[in-house]
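J.: Input file: structure37.tsv. Contents: TSV, C-alpha atoms and all ligand atoms.
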```tsv
chain	number	residue	atom	x	y	z
U	737	MET	CA	46.41	-9.63	-11.88
U	738	PHE	CA	49.71	-10.38	-13.58
U	739	LYS	CA	48.40	-13.70	-14.86
U	740	ARG	CA	45.29	-12.10	-16.22
U	741	ASN	CA	47.22	-9.42	-18.03
U	742	LEU	CA	49.51	-12.06	-19.44
U	743	ALA	CA	46.53	-14.01	-20.72
U	744	LYS	CA	45.08	-10.89	-22.30
U	745	PHE	CA	48.43	-10.02	-23.81
U	746	ASN	CA	48.71	-13.50	-25.28
U	747	HIS	CA	45.24	-13.22	-26.69
U	748	ALA	CA	45.79	-9.76	-28.10
U	749	MET	CA	48.97	-10.97	-29.74
U	750	GLY	CA	47.09	-13.88	-31.25
U	751	PHE	CA	48.88	-16.41	-29.05
U	752	GLN	CA	47.12	-19.33	-27.45
U	753	ARG	CA	45.06	-18.37	-24.45
U	754	SER	CA	46.62	-19.20	-21.16
U	755	SER	CA	44.51	-21.61	-19.12
U	756	CYS	CA	44.69	-19.21	-16.18
U	757	TRP	CA	42.20	-17.03	-18.08
U	758	GLN	CA	39.37	-19.37	-17.20
U	759	LYS	CA	40.03	-18.96	-13.51
U	760	VAL	CA	39.56	-15.24	-13.43
U	761	ARG	CA	36.27	-15.14	-15.28
U	762	PRO	CA	33.61	-13.45	-13.17
U	763	ASP	CA	30.49	-15.45	-13.75
U	764	SER	CA	31.03	-19.13	-13.30
U	765	ASP	CA	28.07	-19.92	-15.52
U	766	LEU	CA	29.67	-18.06	-18.40
U	767	SER	CA	32.11	-20.88	-18.88
U	768	THR	CA	29.29	-23.32	-19.48
U	769	LYS	CA	27.79	-23.77	-22.90
U	770	GLU	CA	24.90	-21.42	-23.62
U	771	ARG	CA	21.92	-23.64	-24.19
U	772	ALA	CA	18.29	-23.24	-25.06
U	773	PRO	CA	15.69	-25.00	-22.90
U	774	ASN	CA	15.34	-27.65	-25.54
U	775	SER	CA	18.78	-28.92	-26.42
U	776	SER	CA	17.75	-29.20	-30.06
U	777	HIS	CA	17.88	-25.39	-30.11
U	778	PRO	CA	21.38	-24.21	-29.33
U	779	VAL	CA	21.14	-20.59	-28.17
U	780	THR	CA	24.28	-19.69	-30.01
U	781	ASN	CA	26.81	-21.70	-31.92
U	782	GLU	CA	29.25	-21.15	-29.12
U	783	THR	CA	31.02	-24.23	-27.96
U	784	VAL	CA	33.30	-24.81	-25.06
U	785	SER	CA	36.40	-24.75	-27.14
U	786	GLU	CA	39.96	-25.80	-26.74
U	787	ASP	CA	42.49	-23.02	-26.95
U	788	ALA	CA	43.78	-24.52	-30.18
U	789	ASN	CA	40.33	-24.29	-31.75
U	790	TYR	CA	40.10	-20.67	-30.76
U	791	SER	CA	43.47	-19.89	-32.24
U	792	SER	CA	42.63	-21.54	-35.55
U	793	TRP	CA	39.25	-19.80	-35.62
U	794	MET	CA	41.09	-16.52	-35.16
U	795	VAL	CA	42.92	-17.04	-38.42
U	796	ASP	CA	39.64	-16.17	-40.15
U	797	HIS	CA	38.48	-13.73	-37.48
U	798	PRO	CA	41.61	-11.92	-36.38
U	799	SER	CA	41.66	-9.78	-33.28
U	800	ALA	CA	40.53	-6.23	-33.98
U	801	LEU	CA	43.28	-5.18	-31.57
U	802	THR	CA	46.16	-6.82	-33.40
U	803	SER	CA	44.63	-5.73	-36.72
U	804	PHE	CA	43.98	-2.21	-35.50
U	805	ASP	CA	46.82	-0.45	-37.31
U	806	GLN	CA	45.96	-2.06	-40.62
U	807	MET	CA	42.25	-1.33	-40.17
U	808	MET	CA	42.98	2.34	-39.51
U	809	LYS	CA	45.39	2.53	-42.41
U	810	ASP	CA	42.60	1.29	-44.68
U	811	ALA	CA	40.18	3.76	-43.05
U	812	LYS	CA	42.27	6.80	-43.95
U	813	GLY	CA	40.11	9.38	-45.73
U	814	LYS	CA	36.93	7.42	-44.99
U	815	LYS	CA	34.16	8.17	-42.53
U	816	ILE	CA	33.83	5.77	-39.66
U	817	VAL	CA	30.42	5.35	-38.03
U	818	VAL	CA	30.34	3.30	-34.84
U	819	PHE	CA	27.54	0.90	-33.90
U	820	LEU	CA	27.58	-0.93	-30.59
U	821	ASP	CA	25.50	-3.68	-29.11
U	822	TYR	CA	24.95	-3.41	-25.35
U	823	ASP	CA	24.75	-6.72	-23.43
U	824	GLY	CA	27.86	-8.83	-23.78
U	825	THR	CA	29.59	-5.98	-25.61
U	826	LEU	CA	29.61	-2.87	-23.44
U	827	SER	CA	28.53	-4.82	-20.40
U	828	PRO	CA	29.56	-8.33	-19.37
U	829	ILE	CA	26.83	-10.97	-19.27
U	830	VAL	CA	25.59	-11.29	-15.70
U	831	ASN	CA	22.87	-13.31	-14.04
U	832	ASN	CA	20.49	-10.47	-13.34
U	833	PRO	CA	19.56	-8.41	-16.42
U	834	ASP	CA	18.83	-5.39	-14.22
U	835	ARG	CA	22.44	-5.39	-13.11
U	836	ALA	CA	24.14	-5.36	-16.48
U	837	PHE	CA	26.03	-2.16	-15.91
U	838	MET	CA	28.77	-0.91	-18.17
U	839	SER	CA	31.94	-2.16	-16.62
U	840	ASP	CA	35.53	-1.29	-17.21
U	841	GLU	CA	36.73	-4.87	-16.83
U	842	VAL	CA	35.16	-8.26	-17.27
U	843	SER	CA	36.34	-9.43	-13.90
U	844	THR	CA	34.45	-7.09	-11.61
U	845	PRO	CA	32.03	-9.37	-9.82
U	846	VAL	CA	32.33	-7.61	-6.52
U	847	HIS	CA	31.64	-4.22	-7.98
U	848	ALA	CA	28.81	-5.61	-10.06
U	849	CYS	CA	27.32	-6.98	-6.89
U	850	GLU	CA	27.63	-3.66	-5.09
U	851	CYS	CA	25.92	-1.99	-8.01
U	852	GLY	CA	23.14	-4.49	-7.94
U	853	GLU	CA	22.47	-3.72	-4.30
U	854	LEU	CA	22.27	-0.07	-5.18
U	855	PHE	CA	19.96	-0.78	-8.05
U	856	ASP	CA	17.52	-2.53	-5.78
U	857	ARG	CA	17.35	0.45	-3.47
U	858	LEU	CA	17.54	3.43	-5.75
U	859	SER	CA	15.65	4.73	-8.72
U	860	HIS	CA	17.48	4.88	-12.05
U	861	ALA	CA	17.90	8.63	-11.67
U	862	LYS	CA	19.50	8.47	-8.23
U	863	LEU	CA	21.52	5.50	-9.23
U	864	SER	CA	23.03	7.16	-12.25
U	865	THR	CA	25.53	9.36	-10.43
U	866	ARG	CA	26.76	6.58	-8.20
U	867	VAL	CA	27.08	4.04	-10.97
U	868	SER	CA	28.91	6.57	-13.14
U	869	LYS	CA	31.49	6.85	-10.41
U	870	LEU	CA	31.86	3.12	-10.09
U	871	TYR	CA	32.13	2.38	-13.79
U	872	PRO	CA	33.70	5.34	-15.48
U	873	ARG	CA	35.98	3.76	-18.06
U	874	MET	CA	33.67	2.12	-20.59
U	875	ARG	CA	31.31	5.06	-20.46
U	876	ALA	CA	34.22	7.48	-20.91
U	877	ALA	CA	35.50	5.45	-23.86
U	878	VAL	CA	32.10	5.45	-25.60
U	879	LYS	CA	31.73	9.17	-24.90
U	880	GLU	CA	35.15	9.85	-26.35
U	881	VAL	CA	34.47	7.75	-29.46
U	882	ALA	CA	31.20	9.63	-29.98
U	883	LYS	CA	33.10	12.91	-29.91
U	884	TYR	CA	34.89	11.92	-33.10
U	885	PHE	CA	32.48	9.54	-34.88
U	886	PRO	CA	28.71	9.31	-35.17
U	887	THR	CA	27.92	6.58	-32.64
U	888	ALA	CA	24.80	4.50	-32.00
U	889	ILE	CA	23.90	1.72	-29.61
U	890	ILE	CA	21.59	-0.90	-31.08
U	891	SER	CA	20.23	-3.16	-28.36
U	892	GLY	CA	17.57	-5.77	-27.72
U	893	ARG	CA	16.64	-3.84	-24.59
U	894	SER	CA	14.02	-1.11	-24.56
U	895	ARG	CA	15.50	2.17	-25.69
U	896	ASP	CA	14.83	3.84	-22.33
U	897	LYS	CA	16.48	1.04	-20.42
U	898	VAL	CA	19.64	0.98	-22.47
U	899	LYS	CA	19.84	4.78	-22.29
U	900	GLY	CA	19.44	4.47	-18.53
U	901	PHE	CA	22.48	2.19	-18.40
U	902	VAL	CA	24.62	4.20	-20.79
U	903	GLN	CA	23.67	7.72	-19.74
U	904	LEU	CA	25.29	9.54	-22.62
U	905	ASN	CA	23.67	12.25	-24.69
U	906	ASN	CA	26.05	12.37	-27.58
U	907	ILE	CA	24.99	9.04	-29.09
U	908	TYR	CA	21.91	7.60	-30.80
U	909	TYR	CA	19.90	4.80	-29.28
U	910	ALA	CA	18.00	2.03	-31.00
U	911	GLY	CA	16.10	-0.27	-28.66
U	912	SER	CA	14.01	-3.43	-29.18
U	913	HIS	CA	16.50	-4.88	-31.68
U	914	GLY	CA	16.28	-1.72	-33.77
U	915	MET	CA	12.49	-1.40	-33.70
U	916	ASP	CA	12.66	1.81	-31.64
U	917	ILE	CA	15.16	4.31	-32.98
U	918	MET	CA	15.95	7.78	-31.74
U	919	ALA	CA	17.63	9.26	-34.75
U	920	PRO	CA	19.00	12.72	-35.44
U	921	PRO	CA	16.52	15.28	-36.78
U	922	ARG	CA	17.59	15.03	-40.38
U	923	PRO	CA	15.33	14.31	-43.32
U	924	VAL	CA	14.74	10.59	-43.58
U	925	ARG	CA	16.02	9.05	-46.78
U	926	SER	CA	15.80	5.49	-47.99
U	927	SER	CA	16.37	3.81	-51.31
U	928	ASP	CA	12.60	3.26	-51.80
U	929	GLY	CA	11.52	6.24	-49.69
U	930	ASN	CA	9.26	3.89	-47.82
U	931	TYR	CA	9.96	4.10	-44.10
U	932	LEU	CA	6.89	3.37	-42.08
U	933	THR	CA	6.46	5.41	-38.92
U	934	VAL	CA	8.31	8.61	-38.29
U	935	SER	CA	7.38	11.07	-35.58
U	936	LEU	CA	8.91	13.58	-33.25
U	937	ASP	CA	9.61	12.66	-29.68
U	938	ARG	CA	7.85	14.28	-26.73
U	939	LYS	CA	10.17	17.28	-26.80
U	940	GLY	CA	9.56	17.68	-30.49
U	941	ASN	CA	13.23	17.27	-31.27
U	942	ASP	CA	14.72	14.06	-32.53
U	943	VAL	CA	13.01	11.67	-34.85
U	944	VAL	CA	11.61	8.51	-33.37
U	945	PHE	CA	11.21	5.61	-35.75
U	946	GLN	CA	9.05	2.72	-34.56
U	947	PRO	CA	8.14	0.31	-37.36
U	948	ALA	CA	6.38	-2.12	-34.99
U	949	GLN	CA	4.13	0.43	-33.32
U	950	LYS	CA	0.87	-1.30	-34.29
U	951	PHE	CA	1.97	-4.39	-32.38
U	952	LEU	CA	2.24	-2.59	-29.03
U	953	PRO	CA	-1.15	-3.70	-27.61
U	954	ALA	CA	-0.43	-7.34	-28.52
U	955	ILE	CA	3.05	-7.12	-26.98
U	956	GLN	CA	1.59	-5.84	-23.72
U	957	LYS	CA	-0.83	-8.77	-23.71
U	958	ILE	CA	1.87	-11.32	-24.48
U	959	SER	CA	4.08	-9.90	-21.77
U	960	LYS	CA	1.31	-10.18	-19.17
U	961	GLU	CA	0.38	-13.70	-20.22
U	962	LEU	CA	3.99	-14.77	-20.05
U	963	GLU	CA	4.39	-13.26	-16.57
U	964	GLU	CA	1.48	-15.31	-15.34
U	965	ALA	CA	2.51	-18.48	-17.10
U	966	ILE	CA	6.10	-18.57	-15.87
U	967	MET	CA	5.45	-17.30	-12.36
U	968	LYS	CA	5.83	-20.73	-10.84
U	969	ILE	CA	9.08	-21.61	-12.55
U	970	PRO	CA	11.88	-20.62	-10.17
U	971	GLY	CA	14.39	-18.26	-11.74
U	972	ALA	CA	12.38	-17.59	-14.91
U	973	ARG	CA	11.74	-13.98	-15.67
U	974	VAL	CA	10.04	-11.82	-18.26
U	975	GLU	CA	11.58	-8.56	-19.42
U	976	ASN	CA	9.35	-6.23	-21.38
U	977	ASN	CA	11.55	-4.53	-23.95
U	978	ARG	CA	8.72	-2.43	-25.37
U	979	PHE	CA	8.53	-3.78	-28.94
U	980	CYS	CA	9.72	-7.23	-27.96
U	981	VAL	CA	9.74	-9.40	-24.87
U	982	SER	CA	12.54	-11.48	-23.35
U	983	VAL	CA	12.02	-14.61	-21.30
U	984	HIS	CA	15.18	-15.26	-19.31
U	985	PHE	CA	16.23	-18.71	-18.17
U	986	ARG	CA	19.81	-18.09	-17.02
U	987	GLN	CA	18.73	-18.75	-13.46
U	988	VAL	CA	16.28	-21.55	-14.20
U	989	ARG	CA	17.11	-25.15	-13.22
U	990	GLU	CA	17.88	-27.26	-16.25
U	991	GLU	CA	15.08	-29.70	-15.45
U	992	ASP	CA	12.59	-26.82	-15.83
U	993	TYR	CA	13.84	-25.73	-19.25
U	994	GLY	CA	11.36	-27.92	-21.16
U	995	THR	CA	8.34	-26.73	-19.16
U	996	LEU	CA	9.34	-23.12	-19.67
U	997	GLU	CA	9.75	-23.55	-23.41
U	998	GLU	CA	6.38	-25.29	-23.66
U	999	LYS	CA	4.63	-22.51	-21.78
U	1000	VAL	CA	6.14	-19.82	-23.95
U	1001	LYS	CA	5.31	-21.68	-27.15
U	1002	SER	CA	1.73	-22.40	-26.12
U	1003	ILE	CA	1.13	-18.68	-25.60
U	1004	LEU	CA	2.75	-17.79	-28.90
U	1005	LYS	CA	0.43	-20.19	-30.74
U	1006	HIS	CA	-2.26	-17.55	-30.29
U	1007	TYR	CA	-0.08	-14.83	-31.78
U	1008	PRO	CA	0.82	-15.85	-35.32
U	1009	ASP	CA	2.26	-12.41	-36.06
U	1010	PHE	CA	5.05	-12.98	-33.58
U	1011	ARG	CA	8.17	-15.08	-33.69
U	1012	LEU	CA	10.54	-16.62	-31.21
U	1013	ASP	CA	14.32	-16.23	-31.40
U	1014	TRP	CA	17.02	-17.55	-29.10
U	1015	GLY	CA	19.68	-15.41	-27.50
U	1016	LYS	CA	22.07	-16.08	-24.64
U	1017	LYS	CA	19.91	-18.01	-22.19
U	1018	VAL	CA	16.98	-15.92	-23.29
U	1019	MET	CA	13.97	-16.43	-25.54
U	1020	GLU	CA	13.16	-13.30	-27.50
U	1021	ILE	CA	9.62	-12.76	-28.73
U	1022	ARG	CA	9.08	-10.13	-31.37
U	1023	PRO	CA	6.75	-9.12	-34.21
U	1024	SER	CA	7.48	-10.99	-37.44
U	1025	ILE	CA	8.25	-7.88	-39.40
U	1026	GLU	CA	11.22	-7.57	-41.66
U	1027	TRP	CA	13.16	-5.29	-39.44
U	1028	ASP	CA	16.29	-6.17	-37.52
U	1029	LYS	CA	19.56	-4.68	-36.31
U	1030	GLY	CA	20.82	-4.65	-39.89
U	1031	ASN	CA	17.90	-2.51	-41.03
U	1032	ALA	CA	18.46	-0.25	-38.03
U	1033	LEU	CA	22.09	0.23	-39.05
U	1034	GLU	CA	21.06	1.20	-42.59
U	1035	TYR	CA	18.31	3.46	-41.29
U	1036	LEU	CA	20.73	5.30	-39.03
U	1037	LEU	CA	23.23	5.75	-41.84
U	1038	ASP	CA	20.42	7.17	-43.97
U	1039	THR	CA	19.23	9.61	-41.36
U	1040	LEU	CA	22.80	10.69	-40.73
U	1041	GLY	CA	22.97	11.52	-44.40
U	1042	LEU	CA	25.62	8.88	-44.96
U	1043	GLY	CA	23.53	6.14	-46.55
U	1044	ASN	CA	24.71	6.77	-50.09
U	1045	CYS	CA	28.28	7.73	-49.32
U	1046	THR	CA	30.73	5.34	-50.85
U	1047	ASP	CA	33.44	6.19	-48.35
U	1048	VAL	CA	31.59	5.27	-45.16
U	1049	LEU	CA	32.97	2.55	-42.91
U	1050	PRO	CA	30.48	1.25	-40.39
U	1051	VAL	CA	32.14	-0.42	-37.42
U	1052	TYR	CA	29.68	-2.76	-35.67
U	1053	ILE	CA	30.64	-4.53	-32.45
U	1054	GLY	CA	28.30	-7.19	-31.05
U	1055	ASP	CA	28.25	-10.59	-29.41
U	1056	ASP	CA	24.92	-12.27	-30.13
U	1057	ARG	CA	22.85	-13.79	-32.89
U	1058	THR	CA	20.82	-10.66	-33.58
U	1059	ASP	CA	24.07	-8.79	-34.25
U	1060	GLU	CA	24.71	-11.12	-37.17
U	1061	ASP	CA	22.00	-9.23	-39.12
U	1062	ALA	CA	24.10	-6.09	-38.85
U	1063	PHE	CA	27.29	-7.99	-39.77
U	1064	LYS	CA	25.53	-9.23	-42.90
U	1065	VAL	CA	24.56	-5.71	-43.94
U	1066	ILE	CA	28.17	-4.54	-43.59
U	1067	GLN	CA	29.39	-7.53	-45.59
U	1068	LYS	CA	26.86	-6.69	-48.29
U	1069	ARG	CA	27.94	-3.06	-48.40
U	1070	GLY	CA	31.45	-4.32	-49.00
U	1071	GLN	CA	32.96	-1.72	-46.68
U	1072	GLY	CA	33.23	-1.61	-42.92
U	1073	TYR	CA	34.30	-3.63	-39.93
U	1074	PRO	CA	31.96	-6.23	-38.43
U	1075	ILE	CA	33.50	-7.28	-35.11
U	1076	VAL	CA	32.20	-10.16	-33.01
U	1077	VAL	CA	32.78	-10.33	-29.25
U	1078	THR	CA	33.33	-13.93	-28.25
U	1079	SER	CA	35.56	-16.05	-26.05
U	1080	SER	CA	34.97	-19.19	-28.10
U	1081	PRO	CA	34.81	-20.04	-31.80
U	1082	LYS	CA	31.42	-19.48	-33.42
U	1083	ASP	CA	29.78	-19.25	-36.83
U	1084	THR	CA	29.69	-15.59	-37.69
U	1085	LYS	CA	29.61	-13.13	-40.53
U	1086	ALA	CA	32.03	-10.91	-38.62
U	1087	SER	CA	35.48	-10.38	-40.04
U	1088	TYR	CA	37.21	-9.47	-36.79
U	1089	SER	CA	36.91	-10.48	-33.16
U	1090	LEU	CA	37.34	-9.18	-29.65
U	1091	TYR	CA	37.53	-11.54	-26.72
U	1092	ASP	CA	35.28	-9.78	-24.21
U	1093	PRO	CA	34.01	-6.34	-23.10
U	1094	SER	CA	37.40	-5.42	-21.67
U	1095	GLU	CA	38.87	-5.79	-25.16
U	1096	VAL	CA	35.96	-3.74	-26.50
U	1097	LEU	CA	37.02	-1.04	-24.05
U	1098	THR	CA	40.61	-1.18	-25.30
U	1099	PHE	CA	39.46	-1.06	-28.93
U	1100	LEU	CA	37.18	1.95	-28.37
U	1101	SER	CA	39.83	3.85	-26.43
U	1102	ARG	CA	42.35	3.21	-29.17
U	1103	LEU	CA	39.89	4.27	-31.86
U	1104	ALA	CA	39.23	7.58	-30.12
U	1105	ARG	CA	42.96	8.18	-29.57
U	1106	TRP	CA	43.68	7.38	-33.20
U	1107	ARG	CA	41.16	9.91	-34.45
U	1108	LYS	CA	42.18	12.49	-31.88
U	1109	SER	CA	45.75	12.36	-33.05
U	1110	SER	CA	44.82	12.45	-36.74
U	1111	SER	CA	41.88	14.83	-36.65
U	1112	SER	CA	43.34	18.03	-35.25
U	1113	SER	CA	43.24	19.47	-38.75
U	1114	ARG	CA	39.75	18.15	-39.59
U	1115	SER	CA	36.55	19.92	-38.69
U	1116	LEU	CA	33.71	17.88	-37.20
U	1117	SER	CA	31.59	18.53	-40.28
U	1118	GLN	CA	34.27	16.90	-42.40
U	1119	VAL	CA	34.09	13.89	-40.16
U	1120	TRP	CA	30.29	13.68	-40.42
U	1121	ASP	CA	29.12	14.87	-43.81
U	1122	CYS	CA	29.03	13.34	-47.24
U	1123	GLU	CA	31.22	15.29	-49.62
K	1	LIG	O1	21.03	-6.77	-28.09
K	1	LIG	P1	21.55	-6.82	-26.67
K	1	LIG	O2	21.80	-5.46	-26.10
K	1	LIG	O3	22.75	-7.71	-26.56
K	1	LIG	O4	20.36	-7.47	-25.84
K	1	LIG	C1	20.08	-8.89	-25.91
K	1	LIG	C2	19.48	-9.33	-24.60
K	1	LIG	O5	20.39	-8.85	-23.61
K	1	LIG	C3	20.00	-9.00	-22.25
K	1	LIG	O6	20.09	-10.37	-21.88
K	1	LIG	C4	21.41	-10.88	-21.88
K	1	LIG	O7	22.18	-10.17	-20.88
K	1	LIG	C5	21.71	-10.36	-19.52
K	1	LIG	C6	22.56	-9.47	-18.61
K	1	LIG	O8	23.92	-9.74	-18.76
K	1	LIG	C7	21.79	-11.84	-19.15
K	1	LIG	O9	21.30	-12.05	-17.83
K	1	LIG	C8	20.94	-12.65	-20.15
K	1	LIG	O10	21.07	-14.03	-19.88
K	1	LIG	C9	21.40	-12.37	-21.59
K	1	LIG	O11	20.56	-13.01	-22.52
K	1	LIG	C10	18.62	-8.44	-22.02
K	1	LIG	O12	18.27	-8.64	-20.67
K	1	LIG	C11	17.62	-9.05	-22.98
K	1	LIG	O13	16.36	-8.47	-22.77
K	1	LIG	C12	18.09	-8.73	-24.39
K	1	LIG	O14	17.17	-9.30	-25.32
```
I need this file expressed as structure tokens, please.
T.:
Amino acid sequence: MFKRNLAKFNHAMGFQRSSCWQKVRPDSDLSTKERAPNSSHPVTNETVSEDANYSSWMVDHPSALTSFDQMMKDAKGKKIVVFLDYDGTLSPIVNNPDRAFMSDEVSTPVHACECGELFDRLSHAKLSTRVSKLYPRMRAAVKEVAKYFPTAIISGRSRDKVKGFVQLNNIYYAGSHGMDIMAPPRPVRSSDGNYLTVSLDRKGNDVVFQPAQKFLPAIQKISKELEEAIMKIPGARVENNRFCVSVHFRQVREEDYGTLEEKVKSILKHYPDFRLDWGKKVMEIRPSIEWDKGNALEYLLDTLGLGNCTDVLPVYIGDDRTDEDAFKVIQKRGQGYPIVVTSSPKDTKASYSLYDPSEVLTFLSRLARWRKSSSSSRSLSQVWDCE
């Protein structure tokens, strides 16, 4: 425990990582390079890096923890809106996607395992209370942040699934890489006034925005075909994320990678309106529409009535390729904090970094504390509304 804290301290202070860090990482396969089935397609630009490489990379992507005071100084008088990715950001990457619970520390393999057992036996509803007890800290931090800032989770998962993991009502959820957004019931505004599909949810309350709705029947078909095609490849698995589909190969033997990729591609040949992207040991199939996490971020700002505010600072924390679209949007806006979560150097549009979900937890807790201590004189409407 002491060694781990020392390693984290060193990292947070921008010192070289201690080699003992590697030993306490929970998932042994996380230390291996993330690779696509075909090695000509690296899943991410992550490399197994030397500590020295990481330190020099951090010169351009400083820790959001060590930079925190400066960031908040610059944020004075501005409105922060928080956007969070889910997997790899609020939850550590684990072998089984159904067991990616929000954890309070990266190194909780035993707890994660216990939770997994529970998950197999219980429905989501029954599970929720027990998991909340096991993993209170990250959830509490997100809840606290959302008390002070508009907060949204933008995930590749289906909206229902990510909501099932997070179980908070005071935040907005965008699933399917932003193609399924539950936004607040405010008038929708965009620069061209041209958003596609807006409707009320079943309760008639919040606005649901689903720009890829017409692709649903095709997605169902693709998902079924993929299930059948990959059935015989041990470890391969299809996850239907409603407006997109993931094919996981984290647990597939390397010698089967090529076969899996071929099978996926041969199905996609019949669906020219769909494209294939690579995530962390996952192939992501989605409609080729111009809509990504970056668009979702802008959409949410618009529906929050903050789209045209010049004093809005979006904070976006994410770990994967699809999060880069949101980083780009923030860069283009010229204001805000794009923060990448990574334990090795990578090409990114993010300006700041956090090492892993446990650092995300620290950052979020600090952010909430910062606002709590400085907002006693501010009303919530001041925090939310455009002047
Ligand atoms: O946008 P995100 O919320 O980061 O979703 C991206 C994908 O995340 C999940 O897969 C990743 O996490 C799994 C659990 O830790 C891991 O087993 C897998 O290898 C990772 O790729 C999710 O299961 C996918 O459907 C999402 O597309």
J.: When the cut-off is 6 Å and you count only C-alpha atoms and all ligand atoms, which residues lie near ligand LIG 1 (chain K), shown as a PyMOL selection string?
T.: chain U and resi 821-824+828-833+836+891-893+975+982+986+1015-1018
J.: Taking all atoms listed in the file into account, which of U:Pro1023, U:Pro1074, U:Gly911, U:Pro886 comes nearest Lys815 (chain U)?
T.: U:Pro886
J.: I want to know what sits within 9 Å of Ile816 (chain U), based on all atoms listed in the file, with residues of the same chain fewer than 6 positions away left out; could you give that as a ChimeraX atom specification?
T.: /U:885-886,1047-1051,1072,1119-1120
J.: Restricting it to C-alpha atoms, dump the selection as a JSON list (two decimals), keeping the file's coordinate frame.
T.:
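As written to disk, selection04.json reads:
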```json
[["chain", "number", "residue", "atom", "x", "y", "z"],
["U", 885, "PHE", "CA", 32.48, 9.54, -34.88],
["U", 886, "PRO", "CA", 28.71, 9.31, -35.17],
["U", 1047, "ASP", "CA", 33.44, 6.19, -48.35],
["U", 1048, "VAL", "CA", 31.59, 5.27, -45.16],
["U", 1049, "LEU", "CA", 32.97, 2.55, -42.91],
["U", 1050, "PRO", "CA", 30.48, 1.25, -40.39],
["U", 1051, "VAL", "CA", 32.14, -0.42, -37.42],
["U", 1072, "GLY", "CA", 33.23, -1.61, -42.92],
["U", 1119, "VAL", "CA", 34.09, 13.89, -40.16],
["U", 1120, "TRP", "CA", 30.29, 13.68, -40.42]]
```
J.: Expressed in Å to a single decimal, how great is the separation between CA of Lys1064 (chain U) and CA of Ala1032 (chain U)?
T.: 12.4 Å
J.: Suppose you want the space between CA of Tyr1052 (chain U) and CA of Gln1071 (chain U); what is it in Å?
T.: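 One can read the CA of Tyr1052 (chain U) to CA of Gln1071 (chain U) distance as 11.5 Å.
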J.: CA of Lys950 (chain U) and CA of Asp834 (chain U), how far apart in Å?
T.: 27.2 Å
J.: Pick out the residues sitting within 12 Å of His984 (chain U), and hand them over as a count of residues only; count only C-alpha atoms, and ignore anything fewer than 4 positions along from it in its own chain.
T.: 34
J.: In file coordinates, which residues lie within 10 Å of (39.0, -18.5, -36.3) using only C-alpha atoms, given as number ranges by chain?
T.: U: 788-799, 1080-1084, 1087-1089
J.: Select all residues near (5.3, -5.6, -32.9) (cut-off 9 Å, inclusive, file coordinates), counting only C-alpha atoms, and output them as a PyMOL selection string.
T.: chain U and resi 915+947-955+978-980+1009-1010+1022-1025
J.: Would you please work out which residue, of U:Arg1102, U:Arg1011, U:Lys968, U:Lys1108, is nearest to Ala800 (chain U) when using only C-alpha atoms?
T.: U:Arg1102
J.: Between U:Val898, U:Ala910, U:Ala965, U:Val981, which residue has the minimum interatomic distance to Glu998 (chain U), considering all atoms listed in the file?
T.: U:Ala965
